[in-house]
Amino acid sequence: MGGNTRIRISSFVLRFLYTLILYLGTPVLLAHAGWTGWRNPAHWRRLPERFGFSTAVPQAGNTVWLHAASVGEVEAAIPLLQAVRERYPTLQLIITTMTPTGAQHAEQRLEGQAVHRFLPYDLPSAVDRFLKRVGPRLALVMETELWPNLFEACGRQGVPIILVNARMSERSVVGYRRVAELTRATLSKVRAVAAQSRLDADRFISLGVEPSKVTVAGSIKFDTRLPKGLIKKAASLRRFLGIDRPVWIAASTHNNEETMILDAFEHVLAVHPSCLLIIAPRHRERFARVATLCKKRGFNTVRASDDKDYDPHTQVFIVDALGDLPMYYAVSDIAFVGGSLVPRGGHNMLEPASLGVPVVMGPHLSNFEEISQWLLDVRAAWVVNDVGELASKVLSLLADSSLRQRTGEMGRQVVDEHRGSVERIMTLLRPYLTA
């Protein structure tokens, strides 16, 4: 008993210190919100939501709330939200995000299907107000979003929390272990964990989740449905961009990554002078910066949003609209998936694989350890470590259409073989949704 008491007191003290730091840091949060609002005035109007002053939602008390941090998590959550809506049409769906880009993507992709709110800052008063206005009967949290005060409030108010599509990298484990007792106390409020892989499941267990609460459900990303008419639109776009010219996409790229990609592109152009490079930066605020970088490097550059006719001599095409990435994957011969040449853990390589596009990625893949290994094992993807290897791999794939076809087909098979995560999660959720 003494040991348990010490743990409870220690976790309470840690949460108190965490909360105190948040309150002291509120001016910084407001300054950041002000800067975001300066670039997007609509964000200022919704600033009260960050402190829990959300407009009360219809059917409060009969809502299923899902939290997805940003664009990638929103997109991954769509098949699950659609399944809940189809099977339980009387429930009101609420989706929260942390980022404005995530909010915009949620509102575009889920218009008429779910109500969007910003997740409040993890301040006790803010989360209490939020829960009162939303009135969730079930909270679904995507991937790895652990908020001590929010989880504590849900536990106190009897709102079941389930982590879905849950993943836990080794790097995250190291961070959470630094505050092990607070982590354990936070995770104790979770009713169930639907982990992406056995490795993720074991890591959650190592942080204190009871093994009986953990299920390996696979990744929802395998169940993502392609937008209707995508292939037809992509065929039309490819004719527009040029049927005969090679097309290489670098998607979800981060700061410093575009420089390496452009260095590799110069090598590719030396062999394939008609090659088109499509760049899709990960974050909206970097669209203009990346376009400027390409122009300074001397590349004939066009942004998708430019109000002008496409120039067949264009060398770099910047995707600067959210939600269009699947179509640009579909028009490409090769896909480099970013966040992997720089230490960001990589991004979703299943989108190009599901479309039969060969995948190239850097060595930093902690966000997709098991998934990337499945693709690598069947040679549906390759890892490159630097500019030289990236250029060499792109050139070898462009030179061999049969290799691209075989590789793309293997990637498609991997995706097909691992579908079913949504159905496994729905089985887990059934007792909570029918209660």
# chains A, B, ... in the order shown; residues from 1 in each chain; ligands from 1

call {"tool": "residues_around", "arguments": {"residues": "range 375-392 of chain A", "least_positions_apart": "2", "cutoff": "8 Å", "atoms": "only C-alpha atoms", "output": "ChimeraX atom specification"}}
result
/A:260-261,263-265,267-268,341,353,358-363,371-373,394-396,407-411,414

call {"tool": "residues_around", "arguments": {"residues": "Val134 in chain A", "least_positions_apart": "5", "cutoff": "7 Å", "atoms": "only C-alpha atoms", "output": "ChimeraX atom specification"}}
result
/A:56-57,60

call {"tool": "atom_distance", "arguments": {"atom1": "CA of Ile95 in chain A", "atom2": "CA of Ala83 in chain A"}}
result
14.4 Å

call {"tool": "select_by_dssp", "arguments": {"residues": "range 145-204 of chain A", "states": "strand (DSSP E)", "output": "PyMOL selection string"}}
result
chain A and resi 161-166+190-195

call {"tool": "residues_around", "arguments": {"residues": "range 150-164 of chain A", "least_positions_apart": "3", "cutoff": "6 Å", "atoms": "only C-alpha atoms", "output": "PyMOL selection string"}}
result
chain A and resi 127+137-142+147+189-194

call {"tool": "residues_around", "arguments": {"residues": "Ser70 in chain A", "least_positions_apart": "2", "cutoff": "10 Å", "atoms": "only C-alpha atoms", "output": "list in words"}}
result
His67, Ala68, Gly72, Glu73, Val74, Glu75, Thr96, Thr97, Met98, Thr99, Pro100, Thr101, Gly102, Ala103, Gln104, His105 and Ala106 of chain A

call {"tool": "write_last_selection", "arguments": {"atoms": "C-alpha atoms", "output": "mmCIF file, in the first residue's frame"}}
result
data_model
loop_
_atom_site.group_PDB
_atom_site.id
_atom_site.type_symbol
_atom_site.label_atom_id
_atom_site.label_comp_id
_atom_site.auth_asym_id
_atom_site.auth_seq_id
_atom_site.Cartn_x
_atom_site.Cartn_y
_atom_site.Cartn_z
ATOM 1 C CA HIS A 67 -9.120 13.740 -31.519
ATOM 2 C CA ALA A 68 -6.636 13.858 -34.410
ATOM 3 C CA GLY A 72 -2.204 13.169 -41.351
ATOM 4 C CA GLU A 73 -4.164 11.926 -38.355
ATOM 5 C CA VAL A 74 -7.387 13.474 -39.701
ATOM 6 C CA GLU A 75 -6.980 11.679 -43.004
ATOM 7 C CA THR A 96 -10.857 17.990 -32.681
ATOM 8 C CA THR A 97 -7.454 18.993 -33.976
ATOM 9 C CA MET A 98 -4.506 20.948 -32.639
ATOM 10 C CA THR A 99 -3.429 22.709 -35.835
ATOM 11 C CA PRO A 100 -5.309 25.121 -38.138
ATOM 12 C CA THR A 101 -4.297 23.024 -41.153
ATOM 13 C CA GLY A 102 -5.782 19.982 -39.462
ATOM 14 C CA ALA A 103 -8.963 21.955 -38.815
ATOM 15 C CA GLN A 104 -9.246 23.019 -42.438
ATOM 16 C CA HIS A 105 -8.672 19.486 -43.665
ATOM 17 C CA ALA A 106 -11.255 18.063 -41.245
#

call {"tool": "select_by_dssp", "arguments": {"residues": "range 38-279 of chain A", "states": "alpha helix (DSSP H)", "output": "JSON, numbers by chain"}}
result
{"A": [38, 39, 41, 42, 43, 44, 45, 71, 72, 73, 74, 75, 76, 77, 78, 79, 80, 81, 82, 83, 84, 85, 86, 87, 100, 101, 102, 103, 104, 105, 106, 107, 108, 109, 124, 125, 126, 127, 128, 129, 130, 131, 132, 133, 134, 148, 149, 150, 151, 152, 153, 154, 155, 156, 157, 170, 171, 172, 173, 174, 175, 176, 177, 180, 181, 182, 183, 184, 185, 186, 187, 198, 199, 200, 201, 202, 203, 204, 205, 206, 230, 231, 232, 233, 234, 235, 236, 237, 238, 239, 240, 241, 257, 258, 259, 260, 261, 262, 263, 264, 265, 266, 267, 268, 269, 270, 271]}

call {"tool": "atom_distance", "arguments": {"atom1": "CA of Leu241 in chain A", "atom2": "CA of Arg282 in chain A"}}
result
22.1 Å

call {"tool": "residues_around", "arguments": {"residues": "Glu210 in chain A", "least_positions_apart": "3", "cutoff": "12 Å", "atoms": "only C-alpha atoms", "output": "VMD selection string"}}
result
chain A and resid 184 187 to 193 201 to 207 213 to 215

call {"tool": "write_last_selection", "arguments": {"atoms": "all heavy atoms", "output": "tab-separated table (two decimals), in the first residue's frame"}}
result
chain	number	residue	atom	x	y	z
A	184	ARG	N	2.19	6.87	-16.19
A	184	ARG	CA	1.39	5.74	-15.73
A	184	ARG	C	0.02	6.20	-15.24
A	184	ARG	O	-1.00	5.57	-15.54
A	184	ARG	CB	2.14	5.01	-14.60
A	184	ARG	CG	1.53	3.67	-14.21
A	184	ARG	CD	2.34	2.98	-13.14
A	184	ARG	NE	3.68	2.67	-13.61
A	184	ARG	CZ	4.79	3.26	-13.17
A	184	ARG	NH1	4.71	4.22	-12.27
A	184	ARG	NH2	5.96	2.92	-13.65
A	187	LEU	N	-2.10	7.14	-18.35
A	187	LEU	CA	-2.54	5.96	-19.09
A	187	LEU	C	-3.53	5.11	-18.30
A	187	LEU	O	-4.28	4.32	-18.89
A	187	LEU	CB	-1.32	5.11	-19.49
A	187	LEU	CG	-0.47	5.69	-20.63
A	187	LEU	CD1	0.83	4.90	-20.78
A	187	LEU	CD2	-1.24	5.67	-21.94
A	188	SER	N	-3.56	5.26	-16.98
A	188	SER	CA	-4.52	4.49	-16.18
A	188	SER	C	-5.96	4.90	-16.48
A	188	SER	O	-6.90	4.16	-16.18
A	188	SER	CB	-4.23	4.66	-14.69
A	188	SER	OG	-4.57	5.98	-14.25
A	189	LYS	N	-6.15	6.08	-17.07
A	189	LYS	CA	-7.50	6.54	-17.42
A	189	LYS	C	-7.99	5.96	-18.74
A	189	LYS	O	-9.15	6.13	-19.11
A	189	LYS	CB	-7.51	8.09	-17.51
A	189	LYS	CG	-6.99	8.80	-16.26
A	189	LYS	CD	-7.81	8.44	-15.04
A	189	LYS	CE	-7.42	9.24	-13.81
A	189	LYS	NZ	-6.05	8.99	-13.35
A	190	VAL	N	-7.11	5.28	-19.45
A	190	VAL	CA	-7.45	4.72	-20.75
A	190	VAL	C	-8.14	3.37	-20.57
A	190	VAL	O	-7.64	2.51	-19.85
A	190	VAL	CB	-6.19	4.58	-21.62
A	190	VAL	CG1	-6.49	3.84	-22.92
A	190	VAL	CG2	-5.59	5.95	-21.92
A	191	ARG	N	-9.29	3.18	-21.24
A	191	ARG	CA	-10.01	1.92	-21.14
A	191	ARG	C	-9.43	0.84	-22.05
A	191	ARG	O	-9.47	-0.34	-21.74
A	191	ARG	CB	-11.49	2.12	-21.52
A	191	ARG	CG	-12.25	3.08	-20.62
A	191	ARG	CD	-12.61	2.44	-19.30
A	191	ARG	NE	-13.42	3.36	-18.50
A	191	ARG	CZ	-14.75	3.41	-18.55
A	191	ARG	NH1	-15.42	2.57	-19.35
A	191	ARG	NH2	-15.42	4.27	-17.80
A	192	ALA	N	-8.92	1.24	-23.22
A	192	ALA	CA	-8.38	0.27	-24.16
A	192	ALA	C	-7.40	0.96	-25.10
A	192	ALA	O	-7.51	2.17	-25.35
A	192	ALA	CB	-9.51	-0.39	-24.96
A	193	VAL	N	-6.46	0.17	-25.63
A	193	VAL	CA	-5.49	0.66	-26.60
A	193	VAL	C	-5.55	-0.26	-27.82
A	193	VAL	O	-5.30	-1.47	-27.71
A	193	VAL	CB	-4.06	0.66	-26.03
A	193	VAL	CG1	-3.05	1.09	-27.11
A	193	VAL	CG2	-3.96	1.56	-24.81
A	201	ALA	N	2.27	-2.18	-29.13
A	201	ALA	CA	1.54	-2.72	-27.98
A	201	ALA	C	2.49	-2.98	-26.81
A	201	ALA	O	2.20	-2.61	-25.65
A	201	ALA	CB	0.82	-4.01	-28.38
A	202	ASP	N	3.62	-3.60	-27.08
A	202	ASP	CA	4.58	-3.90	-26.02
A	202	ASP	C	5.11	-2.63	-25.36
A	202	ASP	O	5.37	-2.60	-24.15
A	202	ASP	CB	5.74	-4.73	-26.58
A	202	ASP	CG	5.32	-6.15	-26.96
A	202	ASP	OD1	4.27	-6.60	-26.47
A	202	ASP	OD2	6.04	-6.79	-27.75
A	203	ARG	N	5.28	-1.59	-26.15
A	203	ARG	CA	5.79	-0.33	-25.58
A	203	ARG	C	4.76	0.32	-24.67
A	203	ARG	O	5.10	0.89	-23.63
A	203	ARG	CB	6.21	0.62	-26.71
A	203	ARG	CG	7.51	0.18	-27.37
A	203	ARG	CD	7.81	0.95	-28.64
A	203	ARG	NE	9.07	0.53	-29.23
A	203	ARG	CZ	9.47	0.84	-30.45
A	203	ARG	NH1	8.69	1.56	-31.23
A	203	ARG	NH2	10.63	0.41	-30.92
A	204	PHE	N	3.48	0.27	-25.06
A	204	PHE	CA	2.44	0.80	-24.16
A	204	PHE	C	2.40	0.00	-22.86
A	204	PHE	O	2.27	0.57	-21.77
A	204	PHE	CB	1.07	0.76	-24.85
A	204	PHE	CG	0.80	1.95	-25.73
A	204	PHE	CD1	0.91	1.86	-27.10
A	204	PHE	CD2	0.43	3.17	-25.17
A	204	PHE	CE1	0.67	2.96	-27.91
A	204	PHE	CE2	0.19	4.27	-25.97
A	204	PHE	CZ	0.31	4.17	-27.35
A	205	ILE	N	2.54	-1.30	-22.97
A	205	ILE	CA	2.54	-2.14	-21.77
A	205	ILE	C	3.73	-1.80	-20.88
A	205	ILE	O	3.62	-1.73	-19.65
A	205	ILE	CB	2.54	-3.64	-22.17
A	205	ILE	CG1	1.20	-4.00	-22.83
A	205	ILE	CG2	2.80	-4.53	-20.96
A	205	ILE	CD1	1.19	-5.37	-23.49
A	206	SER	N	4.88	-1.54	-21.51
A	206	SER	CA	6.08	-1.20	-20.73
A	206	SER	C	5.93	0.11	-19.97
A	206	SER	O	6.61	0.35	-18.98
A	206	SER	CB	7.30	-1.12	-21.65
A	206	SER	OG	7.29	0.08	-22.43
A	207	LEU	N	5.00	0.97	-20.45
A	207	LEU	CA	4.76	2.26	-19.78
A	207	LEU	C	3.67	2.16	-18.72
A	207	LEU	O	3.35	3.16	-18.08
A	207	LEU	CB	4.37	3.32	-20.81
A	207	LEU	CG	5.50	3.76	-21.76
A	207	LEU	CD1	4.95	4.70	-22.83
A	207	LEU	CD2	6.63	4.44	-20.98
A	213	LYS	N	-5.76	-4.62	-21.55
A	213	LYS	CA	-6.37	-3.48	-22.22
A	213	LYS	C	-5.84	-3.25	-23.63
A	213	LYS	O	-6.37	-2.42	-24.36
A	213	LYS	CB	-6.14	-2.19	-21.41
A	213	LYS	CG	-6.85	-2.13	-20.07
A	213	LYS	CD	-6.57	-0.78	-19.42
A	213	LYS	CE	-7.33	-0.61	-18.11
A	213	LYS	NZ	-7.07	0.71	-17.50
A	214	VAL	N	-4.79	-3.97	-24.01
A	214	VAL	CA	-4.08	-3.68	-25.26
A	214	VAL	C	-4.42	-4.73	-26.32
A	214	VAL	O	-4.34	-5.93	-26.07
A	214	VAL	CB	-2.56	-3.63	-25.03
A	214	VAL	CG1	-1.84	-3.28	-26.34
A	214	VAL	CG2	-2.22	-2.60	-23.95
A	215	THR	N	-4.80	-4.24	-27.50
A	215	THR	CA	-5.10	-5.08	-28.65
A	215	THR	C	-4.27	-4.62	-29.84
A	215	THR	O	-4.08	-3.41	-30.03
A	215	THR	CB	-6.59	-4.98	-29.03
A	215	THR	OG1	-7.39	-5.35	-27.91
A	215	THR	CG2	-6.93	-5.86	-30.21

call {"tool": "closest_residue", "arguments": {"among": "A:Leu123, A:Leu293, A:Val415, A:Leu146", "to": "Ile21 in chain A", "atoms": "only C-alpha atoms"}}
result
A:Leu123

call {"tool": "decode", "arguments": {"residues": "range 211-300 of chain A", "atoms": "C-alpha atoms", "output": "short mmCIF file (atom, residue, chain, number, x, y, z; two decimals), in the first residue's frame"}}
result
data_model
loop_
_atom_site.label_atom_id
_atom_site.label_comp_id
_atom_site.auth_asym_id
_atom_site.auth_seq_id
_atom_site.Cartn_x
_atom_site.Cartn_y
_atom_site.Cartn_z
CA PRO A 211 -1.85 -6.06 -21.00
CA SER A 212 -5.56 -6.98 -20.94
CA LYS A 213 -6.37 -3.48 -22.22
CA VAL A 214 -4.08 -3.68 -25.26
CA THR A 215 -5.10 -5.08 -28.65
CA VAL A 216 -3.10 -5.20 -31.88
CA ALA A 217 -5.55 -3.88 -34.47
CA GLY A 218 -3.18 -2.83 -37.24
CA SER A 219 -2.99 0.56 -38.92
CA ILE A 220 -6.13 2.35 -40.07
CA LYS A 221 -4.01 3.80 -42.86
CA PHE A 222 -4.31 0.45 -44.66
CA ASP A 223 -8.09 1.00 -44.81
CA THR A 224 -8.00 4.47 -46.33
CA ARG A 225 -10.43 4.73 -49.24
CA LEU A 226 -9.30 6.50 -52.37
CA PRO A 227 -11.43 9.53 -53.23
CA LYS A 228 -14.13 8.83 -55.81
CA GLY A 229 -13.02 9.47 -59.37
CA LEU A 230 -9.35 9.78 -58.34
CA ILE A 231 -7.92 7.55 -61.07
CA LYS A 232 -9.89 9.31 -63.81
CA LYS A 233 -8.83 12.75 -62.54
CA ALA A 234 -5.23 11.59 -62.23
CA ALA A 235 -5.20 10.31 -65.82
CA SER A 236 -6.46 13.68 -67.01
CA LEU A 237 -3.87 15.53 -64.95
CA ARG A 238 -1.07 13.30 -66.24
CA ARG A 239 -2.03 14.14 -69.82
CA PHE A 240 -1.90 17.79 -68.81
CA LEU A 241 1.54 17.43 -67.22
CA GLY A 242 2.88 15.31 -70.06
CA ILE A 243 2.44 11.62 -70.80
CA ASP A 244 5.96 11.04 -72.10
CA ARG A 245 7.97 12.94 -69.51
CA PRO A 246 9.10 11.22 -66.28
CA VAL A 247 7.33 12.48 -63.14
CA TRP A 248 8.84 12.17 -59.66
CA ILE A 249 7.04 13.37 -56.52
CA ALA A 250 8.65 14.36 -53.21
CA ALA A 251 5.80 14.48 -50.71
CA SER A 252 5.37 15.65 -47.11
CA THR A 253 8.77 17.32 -47.18
CA HIS A 254 10.28 19.31 -44.30
CA ASN A 255 12.75 22.14 -43.86
CA ASN A 256 16.23 21.25 -45.21
CA GLU A 257 14.80 18.23 -47.02
CA GLU A 258 13.86 20.19 -50.16
CA THR A 259 17.48 21.32 -50.56
CA MET A 260 18.65 17.70 -50.68
CA ILE A 261 15.83 16.79 -53.06
CA LEU A 262 16.74 19.62 -55.44
CA ASP A 263 20.40 18.55 -55.31
CA ALA A 264 19.33 15.05 -56.35
CA PHE A 265 17.01 16.48 -59.00
CA GLU A 266 19.94 18.21 -60.71
CA HIS A 267 21.56 14.78 -61.16
CA VAL A 268 18.31 13.37 -62.52
CA LEU A 269 17.90 16.23 -65.00
CA ALA A 270 21.36 15.54 -66.39
CA VAL A 271 20.05 12.15 -67.59
CA HIS A 272 16.35 12.99 -68.04
CA PRO A 273 16.17 16.70 -68.96
CA SER A 274 12.37 16.54 -69.38
CA CYS A 275 11.76 15.13 -65.89
CA LEU A 276 9.14 16.91 -63.77
CA LEU A 277 9.60 17.11 -59.99
CA ILE A 278 6.45 17.57 -57.91
CA ILE A 279 7.09 18.86 -54.37
CA ALA A 280 4.35 18.74 -51.73
CA PRO A 281 5.63 20.45 -48.55
CA ARG A 282 4.21 19.03 -45.34
CA HIS A 283 3.12 22.37 -43.86
CA ARG A 284 1.05 25.11 -45.46
CA GLU A 285 3.17 27.93 -44.06
CA ARG A 286 6.18 26.67 -46.06
CA PHE A 287 4.53 26.61 -49.52
CA ALA A 288 5.77 30.05 -50.56
CA ARG A 289 9.21 29.51 -49.02
CA VAL A 290 9.76 26.27 -50.93
CA ALA A 291 8.62 27.86 -54.20
CA THR A 292 11.09 30.71 -53.63
CA LEU A 293 13.88 28.22 -52.91
CA CYS A 294 13.21 26.39 -56.18
CA LYS A 295 13.21 29.61 -58.19
CA LYS A 296 16.44 30.79 -56.56
CA ARG A 297 18.03 27.51 -57.57
CA GLY A 298 17.12 28.35 -61.18
CA PHE A 299 14.30 25.86 -61.71
CA ASN A 300 11.28 26.83 -63.79
#
